[in-house]
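Visitor: So that you have it, the file is final10.txt, and it contains compact mmCIF, C-alpha atoms:
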```
# COMPACT_ATOMS: atom_id res chain seq x y z
CA MET A 4 -5.57 -54.80 101.39
CA LYS A 5 -7.90 -56.76 99.15
CA GLU A 6 -7.15 -58.54 95.89
CA GLU A 7 -9.60 -56.28 94.03
CA ASN A 8 -7.62 -53.21 95.19
CA LEU A 9 -4.50 -54.65 93.54
CA LYS A 10 -6.50 -55.51 90.41
CA ALA A 11 -7.74 -51.89 90.24
CA LEU A 12 -4.17 -50.61 90.42
CA ILE A 13 -2.99 -53.04 87.73
CA ASP A 14 -5.78 -51.78 85.44
CA CYS A 15 -4.61 -48.19 86.11
CA ILE A 16 -1.02 -49.10 85.15
CA VAL A 17 -2.14 -50.73 81.89
CA ASN A 18 -4.35 -47.74 81.06
CA TYR A 19 -1.54 -45.27 81.80
CA PHE A 20 0.94 -46.89 79.43
CA ALA A 21 -1.79 -47.35 76.78
CA HIS A 22 -1.62 -43.56 76.43
CA THR A 23 2.09 -43.54 75.56
CA ASN A 24 3.58 -44.18 72.13
CA ASP A 25 4.35 -47.76 73.16
CA PRO A 26 1.22 -49.19 74.81
CA THR A 27 2.81 -52.61 75.40
CA VAL A 28 3.37 -52.89 79.13
CA LYS A 29 3.82 -56.09 81.09
CA VAL A 30 2.51 -55.97 84.62
CA GLY A 31 3.77 -58.79 86.82
CA THR A 32 2.10 -60.58 89.69
CA PRO A 33 2.07 -58.50 92.88
CA TYR A 34 4.27 -59.83 95.67
CA LEU A 35 4.94 -58.94 99.28
CA ILE A 36 8.03 -56.99 100.32
CA ASN A 37 9.32 -55.94 103.71
CA ALA A 38 10.33 -52.39 102.83
CA ILE A 39 9.92 -49.93 99.98
CA ASN A 40 13.68 -49.68 99.50
CA GLU A 41 13.67 -53.28 98.20
CA ILE A 42 12.12 -51.97 94.98
CA SER A 43 13.28 -48.36 94.86
CA ALA A 44 14.94 -47.21 91.64
CA ASP A 45 16.48 -43.82 90.73
CA TYR A 46 13.33 -41.78 91.36
CA THR A 47 10.26 -42.42 93.50
CA GLY A 48 7.00 -40.48 93.52
CA THR A 49 5.01 -41.03 96.71
CA ILE A 50 1.33 -40.29 97.18
CA ALA A 51 0.01 -40.39 100.73
CA ILE A 52 -3.45 -41.93 101.04
CA SER A 53 -5.97 -40.80 103.64
CA GLY A 54 -9.73 -40.92 104.16
CA ALA A 55 -11.26 -44.41 104.18
CA TYR A 56 -7.79 -45.90 103.60
CA LYS A 57 -4.47 -45.06 105.23
CA GLY A 58 -1.17 -45.67 103.51
CA ALA A 59 0.74 -44.68 100.42
CA CYS A 60 1.41 -45.48 96.77
CA HIS A 61 5.00 -45.30 95.51
CA PHE A 62 5.83 -45.31 91.81
CA THR A 63 9.54 -45.94 91.42
CA ALA A 64 11.45 -45.96 88.14
CA PRO A 65 14.97 -45.72 86.70
CA SER A 66 16.10 -42.52 84.95
CA ALA A 67 16.16 -44.27 81.58
CA LEU A 68 12.47 -45.19 81.78
CA LEU A 69 11.50 -41.66 82.81
CA ARG A 70 13.60 -40.14 80.02
CA HIS A 71 11.91 -42.42 77.48
CA LEU A 72 8.47 -41.70 78.94
CA ILE A 73 9.03 -37.93 78.71
CA LEU A 74 10.14 -38.24 75.08
CA SER A 75 7.17 -40.50 74.29
CA ILE A 76 4.70 -37.78 75.29
CA GLY A 77 6.39 -35.30 72.97
CA GLU A 78 8.55 -33.43 75.46
CA SER A 79 12.21 -32.88 74.54
CA ASP A 80 13.48 -31.63 77.92
CA THR A 81 14.65 -34.66 79.91
CA SER A 82 16.43 -32.75 82.65
CA GLU A 83 16.45 -33.98 86.25
CA MET A 84 13.65 -31.52 87.08
CA MET A 85 11.47 -33.04 84.35
CA MET A 86 12.22 -36.60 85.51
CA GLU A 87 11.13 -35.63 89.04
CA ASP A 88 8.01 -34.07 87.57
CA ALA A 89 7.32 -37.22 85.50
CA VAL A 90 7.70 -39.69 88.38
CA GLY A 91 5.36 -37.56 90.50
CA GLU A 92 2.80 -37.24 87.73
CA VAL A 93 2.74 -41.00 87.09
CA ALA A 94 2.29 -41.67 90.83
CA ASN A 95 -0.49 -39.06 90.93
CA THR A 96 -2.25 -40.45 87.86
CA LEU A 97 -2.13 -44.10 88.97
CA SER A 98 -3.39 -43.24 92.47
CA GLY A 99 -6.03 -40.82 91.20
CA ASN A 100 -7.36 -43.31 88.65
CA ALA A 101 -7.74 -45.91 91.41
CA ARG A 102 -10.59 -43.82 92.83
CA ARG A 103 -12.97 -45.20 90.19
CA GLU A 104 -12.80 -48.53 92.04
CA LEU A 105 -11.75 -47.46 95.53
CA GLY A 106 -14.15 -44.56 95.82
CA HIS A 107 -14.26 -40.86 96.65
CA ASP A 108 -12.86 -41.49 100.17
CA PHE A 109 -9.57 -42.75 98.71
CA ILE A 110 -8.00 -39.33 99.23
CA ILE A 111 -4.65 -38.69 97.61
CA SER A 112 -1.99 -36.11 98.42
CA THR A 113 0.19 -34.18 96.01
CA PRO A 114 3.33 -36.18 95.12
CA LYS A 115 6.48 -36.19 97.21
CA ILE A 116 9.57 -36.96 95.13
CA THR A 117 12.68 -38.71 96.36
CA LYS A 118 15.85 -39.40 94.43
CA GLY A 119 17.70 -42.61 95.27
CA THR A 120 16.65 -44.96 98.05
CA PRO A 121 13.95 -43.33 100.14
CA GLN A 122 14.97 -44.53 103.62
CA ASP A 123 12.36 -42.46 105.44
CA LEU A 124 9.54 -44.13 103.49
CA ASN A 125 10.24 -47.46 105.17
CA LYS A 126 9.43 -45.96 108.54
CA GLN A 127 6.06 -44.74 107.25
CA ALA A 128 5.04 -48.08 105.72
CA LYS A 129 2.82 -50.07 108.06
CA GLY A 130 1.24 -53.45 107.45
CA ARG A 131 1.69 -55.47 104.29
CA ILE A 132 3.56 -53.79 101.45
CA TYR A 133 2.84 -55.07 97.95
CA ALA A 134 5.07 -54.50 94.95
CA ILE A 135 3.60 -54.59 91.45
CA PRO A 136 6.35 -55.11 88.83
CA ILE A 137 6.05 -53.03 85.65
CA ASN A 138 8.02 -53.78 82.48
CA TRP A 139 7.81 -51.12 79.78
CA LYS A 140 10.06 -51.26 76.75
CA SER A 141 13.23 -52.78 78.26
CA TYR A 142 12.87 -50.97 81.60
CA LYS A 143 11.70 -52.17 84.98
CA ALA A 144 9.70 -50.01 87.36
CA SER A 145 7.42 -50.85 90.29
CA LEU A 146 4.38 -49.64 92.10
CA GLY A 147 4.68 -50.17 95.84
CA ILE A 148 1.51 -49.91 97.89
CA HIS A 149 0.52 -50.29 101.50
CA LEU A 150 -3.03 -49.63 102.61
CA SER A 151 -4.99 -50.29 105.76
CA MET B 9 -6.68 -19.88 77.58
CA MET B 10 -5.00 -20.36 80.97
CA ILE B 11 -3.55 -23.74 82.06
CA VAL B 12 -3.55 -24.67 85.75
CA ASP B 13 -1.55 -27.76 86.76
CA ASP B 14 1.27 -28.38 89.23
CA SER B 15 3.08 -30.59 86.69
CA ARG B 16 5.21 -28.80 84.12
CA ILE B 17 5.05 -31.82 81.82
CA ILE B 18 1.25 -31.69 81.82
CA ARG B 19 1.14 -27.90 81.34
CA GLN B 20 3.38 -28.24 78.29
CA LYS B 21 1.43 -31.24 76.97
CA ILE B 22 -1.85 -29.28 77.15
CA GLU B 23 -0.27 -26.27 75.44
CA ARG B 24 1.20 -28.46 72.70
CA GLU B 25 -1.91 -30.58 72.13
CA CYS B 26 -4.74 -28.04 72.31
CA ASP B 27 -5.90 -26.84 68.91
CA GLN B 28 -3.67 -23.77 68.51
CA SER B 29 -5.78 -22.45 65.65
CA ILE B 30 -8.59 -21.94 68.20
CA PHE B 31 -6.80 -21.51 71.53
CA ASN B 32 -4.06 -19.09 72.45
CA VAL B 33 -2.39 -19.96 75.76
CA VAL B 34 -1.95 -16.65 77.56
CA GLY B 35 -0.78 -17.97 80.92
CA SER B 36 0.00 -21.00 83.09
CA ALA B 37 -0.35 -21.41 86.84
CA ILE B 38 1.20 -24.01 89.12
CA ASN B 39 -1.48 -24.10 91.85
CA GLY B 40 -4.87 -22.68 92.78
CA GLU B 41 -3.60 -19.53 94.49
CA HIS B 42 -1.32 -18.71 91.57
CA ALA B 43 -4.24 -19.30 89.17
CA ILE B 44 -6.53 -16.83 90.94
CA SER B 45 -3.87 -14.15 91.00
CA LEU B 46 -2.94 -14.71 87.33
CA PHE B 47 -6.61 -14.84 86.29
CA LYS B 48 -7.11 -11.29 87.65
CA GLU B 49 -4.27 -10.08 85.42
CA ILE B 50 -5.01 -11.86 82.15
CA SER B 51 -8.79 -12.62 82.24
CA PRO B 52 -8.74 -15.75 80.05
CA ASP B 53 -11.98 -17.00 78.42
CA VAL B 54 -11.09 -20.66 79.01
CA VAL B 55 -9.23 -22.37 81.87
CA THR B 56 -7.98 -25.97 82.11
CA MET B 57 -7.87 -27.00 85.77
CA ASP B 58 -6.06 -29.79 87.62
CA LEU B 59 -7.68 -30.83 90.92
CA THR B 60 -4.92 -32.22 93.16
CA MET B 61 -2.59 -29.26 93.76
CA PRO B 62 -0.84 -27.64 96.71
CA ASN B 63 -1.85 -24.15 97.90
CA LEU B 64 -5.55 -24.28 97.04
CA ASP B 65 -6.84 -27.32 95.19
CA GLY B 66 -8.78 -27.32 91.94
CA ILE B 67 -12.30 -27.31 93.43
CA GLY B 68 -11.48 -24.31 95.63
CA CYS B 69 -9.87 -22.58 92.67
CA ILE B 70 -12.90 -23.19 90.40
CA LYS B 71 -15.17 -21.59 93.02
CA GLY B 72 -12.81 -18.61 93.25
CA LEU B 73 -12.64 -18.14 89.47
CA VAL B 74 -16.42 -18.40 89.06
CA LYS B 75 -16.82 -15.65 91.67
CA LEU B 76 -14.43 -13.45 89.69
CA ASP B 77 -16.04 -14.21 86.32
CA PRO B 78 -19.18 -16.39 86.17
CA SER B 79 -18.88 -16.61 82.36
CA CYS B 80 -15.42 -18.23 82.46
CA LYS B 81 -15.36 -21.68 80.85
CA ILE B 82 -13.46 -24.21 82.96
CA LEU B 83 -12.38 -27.69 81.81
CA VAL B 84 -11.13 -29.99 84.57
CA ILE B 85 -8.19 -32.23 83.60
CA SER B 86 -7.54 -34.60 86.48
CA ALA B 87 -6.57 -38.15 87.40
CA LEU B 88 -9.44 -38.27 89.91
CA ASN B 89 -11.92 -40.27 87.87
CA ASP B 90 -14.70 -41.16 90.31
CA LYS B 91 -18.22 -39.89 89.63
CA ALA B 92 -18.50 -37.94 92.90
CA THR B 93 -15.44 -35.84 92.04
CA GLY B 94 -16.83 -35.13 88.57
CA MET B 95 -20.13 -34.00 90.08
CA GLU B 96 -18.33 -31.87 92.67
CA ALA B 97 -16.33 -30.11 89.93
CA LEU B 98 -19.44 -29.48 87.83
CA GLU B 99 -21.34 -28.15 90.85
CA ALA B 100 -18.42 -25.82 91.62
CA GLY B 101 -18.71 -24.34 88.12
CA ALA B 102 -16.64 -26.48 85.73
CA MET B 103 -18.17 -27.19 82.31
CA GLY B 104 -16.34 -30.38 81.39
CA PHE B 105 -14.01 -33.10 82.63
CA VAL B 106 -11.10 -34.94 80.99
CA THR B 107 -9.45 -37.82 82.83
CA LYS B 108 -5.66 -38.17 82.91
CA PRO B 109 -4.00 -39.79 81.07
CA PHE B 110 -5.58 -38.20 78.00
CA SER B 111 -4.97 -38.10 74.26
CA ALA B 112 -4.68 -34.97 72.11
CA LEU B 113 -8.01 -35.84 70.51
CA GLU B 114 -9.80 -36.16 73.87
CA LEU B 115 -8.42 -32.78 74.94
CA GLN B 116 -9.35 -31.05 71.69
CA GLU B 117 -12.89 -32.47 71.69
CA ALA B 118 -13.50 -31.48 75.31
CA LEU B 119 -12.21 -27.94 74.72
CA ARG B 120 -14.35 -27.58 71.58
CA GLU B 121 -17.42 -28.77 73.51
CA ILE B 122 -17.03 -26.21 76.27
CA ILE B 123 -16.60 -23.28 73.91
CA GLU B 124 -19.61 -24.36 71.83
CA ASP B 125 -21.75 -24.78 74.95
```
Mind converting the file's structure to structure tokens?
Guide:
Amino acid sequence: MKEENLKALIDCIVNYFAHTNDPTVKVGTPYLINAINEISADYTGTIAISGAYKGACHFTAPSALLRHLILSIGESDTSEMMMEDAVGEVANTLSGNARRELGHDFIISTPKITKGTPQDLNKQAKGRIYAIPINWKSYKASLGIHLS
Amino acid sequence: MMIVDDSRIIRQKIERECDQSIFNVVGSAINGEHAISLFKEISPDVVTMDLTMPNLDGIGCIKGLVKLDPSCKILVISALNDKATGMEALEAGAMGFVTKPFSALELQEALREIIED
């Protein structure tokens, strides 16, 4: 995975939160992890990547962030179903937006949602796994990505 | 207007943020297959269409809807923001494209453009 791929994803994160009612998001320096469960929070939305790249993008966030995010886009229902929907939609949007830089052959799947630590995702992750830390309001989320 | 998106949050956002003095949301579908079946029942003039969906994606759905009603006005609302995808959607029969994440203003302007076209 190249540095410019990570830069493209960071730009997508900044752009995503710029469309919320609090556009101030701090995106930390990407770092290597051994397994996705090192960063997993309450909910994880996973997008499988195929085509010219193979791998996955995982957006993982605590319930409190998702609840706040849902409210910030004008939705009052913060039920578990809506939090699952939100984590999947963020994962989908960040991965989809990356196509501007990564191209039409960066093919994304529909989101798969897991609650809690997604053990099975560690088995799927091959090669280097990068974690991009995201701080929005007082909450910490991450984007985990492994591509080959 | 009919909204097609597999995310409930996005369906509700579109319904809330479209200009309700112009658009009346008559139905929502959660994937391409559902959209085609609902379209036959309610015959909307305007459709907003996600692209990445299970059970028939947005491009396949656009082609299906255009076959049913070539005059239907379709606005794609998708996170897939590369030029080739935009061209593919327009060639399939869509009339406009809004990239997720989007603001209420971007949505309203894009919807107004397709109905004035």
Visitor: Given only C-alpha atoms as the basis, pick out the residue of A:Leu150, A:Ser43, A:Tyr142, A:Thr96 nearest to A:Leu68.
Guide: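 That would be A:Tyr142, the residue with the smallest distance to A:Leu68.
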Visitor: Hey, which of B:Met10, B:Ile85, B:Ile50, B:Leu119 ends up closest to B:Ser36? Count only C-alpha atoms.
Guide: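 Using only C-alpha atoms, B:Ser36 sits closest to B:Met10.
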Visitor: So, with all atoms listed in the file as the atoms that count, which of B:Lys108, B:Arg19, B:Lys75, B:Lys48 lies closest to chain A?
Guide: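 The closest residue to chain A is B:Lys108.
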Visitor: So, counting all atoms listed in the file, which residue among B:Pro109, B:Gly72, B:Gly66, B:Pro78 is closest to B:Ala97?
Guide: B:Gly66
Visitor: Produce a table with one row for each residue of chain B that has an atom at most 8 Å from any atom of chain A, each row naming the nearest atom pair and its distance in Å at one decimal; use all atoms listed in the file; arrange rows by chain and rising residue number; format as a Markdown table.
Guide:
```
| residue | atom | partner | partner_atom | distance |
| --- | --- | --- | --- | --- |
| B:Ser15 | CA | A:Asp88 | CA | 6.1 |
| B:Arg16 | CA | A:Asp88 | CA | 6.9 |
| B:Ile17 | CA | A:Asp88 | CA | 6.8 |
| B:Gln20 | CA | A:Glu78 | CA | 7.9 |
| B:Lys21 | CA | A:Ile76 | CA | 7.5 |
| B:Thr60 | CA | A:Thr113 | CA | 6.2 |
| B:Met61 | CA | A:Thr113 | CA | 6.1 |
| B:Pro62 | CA | A:Thr113 | CA | 6.7 |
| B:Ser86 | CA | A:Gly99 | CA | 8.0 |
| B:Ala87 | CA | A:Gly99 | CA | 4.7 |
| B:Leu88 | CA | A:Gly99 | CA | 4.4 |
| B:Asn89 | CA | A:Asn100 | CA | 5.5 |
| B:Asp90 | CA | A:Arg103 | CA | 4.4 |
| B:Lys91 | CA | A:Arg103 | CA | 7.5 |
| B:Ala92 | CA | A:His107 | CA | 6.4 |
| B:Thr93 | CA | A:His107 | CA | 6.9 |
| B:Lys108 | CA | A:Thr96 | CA | 6.4 |
| B:Pro109 | CA | A:Tyr19 | CA | 6.1 |
| B:Phe110 | CA | A:His22 | CA | 6.8 |
| B:Ser111 | CA | A:His22 | CA | 6.8 |
```
Visitor: Give as a PyMOL selection string each residue that has an atom at most 12 Å from (-16.3, -31.1, 88.1) in the file, counting only C-alpha atoms.
Guide: chain B and resi 56-59+66-71+81-86+88-107
Visitor: Smallest atom-to-atom distance to A:Tyr56: which of A:Ile13, A:Met4, A:Leu146, A:Ile36, using only C-alpha atoms?
Guide: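 Nearest to A:Tyr56: A:Met4.
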Visitor: Could you tell me how far atom CA of A:Glu41 lies from atom CA of A:Ala67, in Å and to one decimal?
Guide: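 Computing it gives 19.1 Å between the two atoms.
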Visitor: Which residues are near B:Ala37? Cut-off 8 Å, only C-alpha atoms, ignore same chain within fewer than 2 positions. Put them as number ranges by chain.
Guide: B: 10-14, 35, 39-40, 42-43, 46
Visitor: Tell me, in Å to one decimal, how far atom CA of A:Gly147 is from atom CA of A:Cys60.
Guide: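 Atom-to-atom, atom CA of A:Gly147 to atom CA of A:Cys60, that is 5.8 Å.
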Visitor: Please tell me which residues are no farther than 8 Å from (-7.9, -30.7, 75.3) in the file, counting all atoms listed in the file, and write them as a list in words.
Guide: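 Looking at atoms near the point gives Ile22, Glu25, Cys26, Asp27, Val106, Ala112, Leu113, Glu114, Leu115, Gln116, Glu117, Ala118 and Leu119 of chain B.
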Visitor: For A:Ala64, which residue out of A:Ser145, A:Thr81, A:Ser151, A:Thr32 is the nearest one, using all atoms listed in the file?
Guide: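 With all atoms listed in the file as the atom set, the closest residue is A:Ser145.
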Visitor: Can you work out the spacing between atom CA of A:Ile52 and atom CA of B:Ile38 in Å, to one decimal?
Guide: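 Rounded to one decimal, the two atoms are 22.0 Å apart.
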Visitor: For A:Trp139, list every protein, DNA or RNA residue within 8 Å, evaluated using all atoms listed in the file, and leave out those in the same chain fewer than 2 positions away; present the list as a list in words.
Guide: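 Residues near the query, excluding close chain neighbours: Thr27, Val28, Lys29, Leu68, Ile137, Ser141, Tyr142, Lys143 and Ala144 of chain A.
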